Amino acid sequence: LYQMVAFSISAALAGLAGMLFVLHVGIISPSMMGIVPSIEMVLWVAIGGRGTLYGAALGAILLNSAKSAFSESYPTIWLFFMGALFVVVVVFLPKGAAGLFGQFKRLIRRRTKHEGADGVRHPAV
């Protein structure tokens, strides 16, 4: 029952997104249902971070910003930059850009944990 409800909500949101896309762009063509847009959505999640909705949204913003900047500056080789960006994120940031927030939280928590009552940082024992 839970899976059926989750898939139904997902399908409804996908249909709504498709409808809003057509209203925004003005036209939809069969090329928009190809492999490139599907791969682009996977890249959003990989770059932004899996497991969170804000990670995918962050990945979409980062990827589309990078795509615009690289394609304007380097129109012939911008796809290589996008591929390199994907490889760097997958190798060095396995949890994506959103995983950096968790790392910063842990770092701040660890630093405040080692501070004493006098406000001076003491090394861990």
# chains A, B, ... in the order shown; residues from 1 in each chain; ligands from 1
>>> residues_around(residues="Lys67 in chain A", least_positions_apart="4", cutoff="10 Å", atoms="only C-alpha atoms", output="VMD selection string")
chain A and resid 61 to 63 71 to 73 78 to 79 81 to 82
>>> select_by_dssp(residues="range 10-125 of chain A", states="alpha helix (DSSP H)", output="PyMOL selection string")
chain A and resi 10-25+35-48+53-73+78-92+98-113
>>> closest_residue(among="A:Val45, A:Leu53, A:Ala66, A:Leu1", to="Gly96 in chain A", atoms="only C-alpha atoms")
A:Val45
>>> atom_distance(atom1="CA of Ala97 in chain A", atom2="CA of Gly49 in chain A")
5.8 Å
>>> closest_residue(among="A:Tyr54, A:Gly18, A:Tyr74, A:Val5", to="Met32 in chain A", atoms="only C-alpha atoms")
A:Gly18
>>> closest_residue(among="A:Tyr2, A:Phe70, A:Trp44, A:Phe7", to="Ala98 in chain A", atoms="only C-alpha atoms")
A:Trp44
>>> closest_residue(among="A:Arg50, A:Leu20, A:Arg106, A:Ala60", to="Val90 in chain A", atoms="only C-alpha atoms")
A:Arg50
>>> atom_distance(atom1="CA of Ala69 in chain A", atom2="CA of Ala84 in chain A")
14.5 Å
>>> residues_around(residues="Leu93 in chain A", least_positions_apart="4", cutoff="10 Å", atoms="only C-alpha atoms", output="PyMOL selection string")
chain A and resi 46-49+86-89+97-100
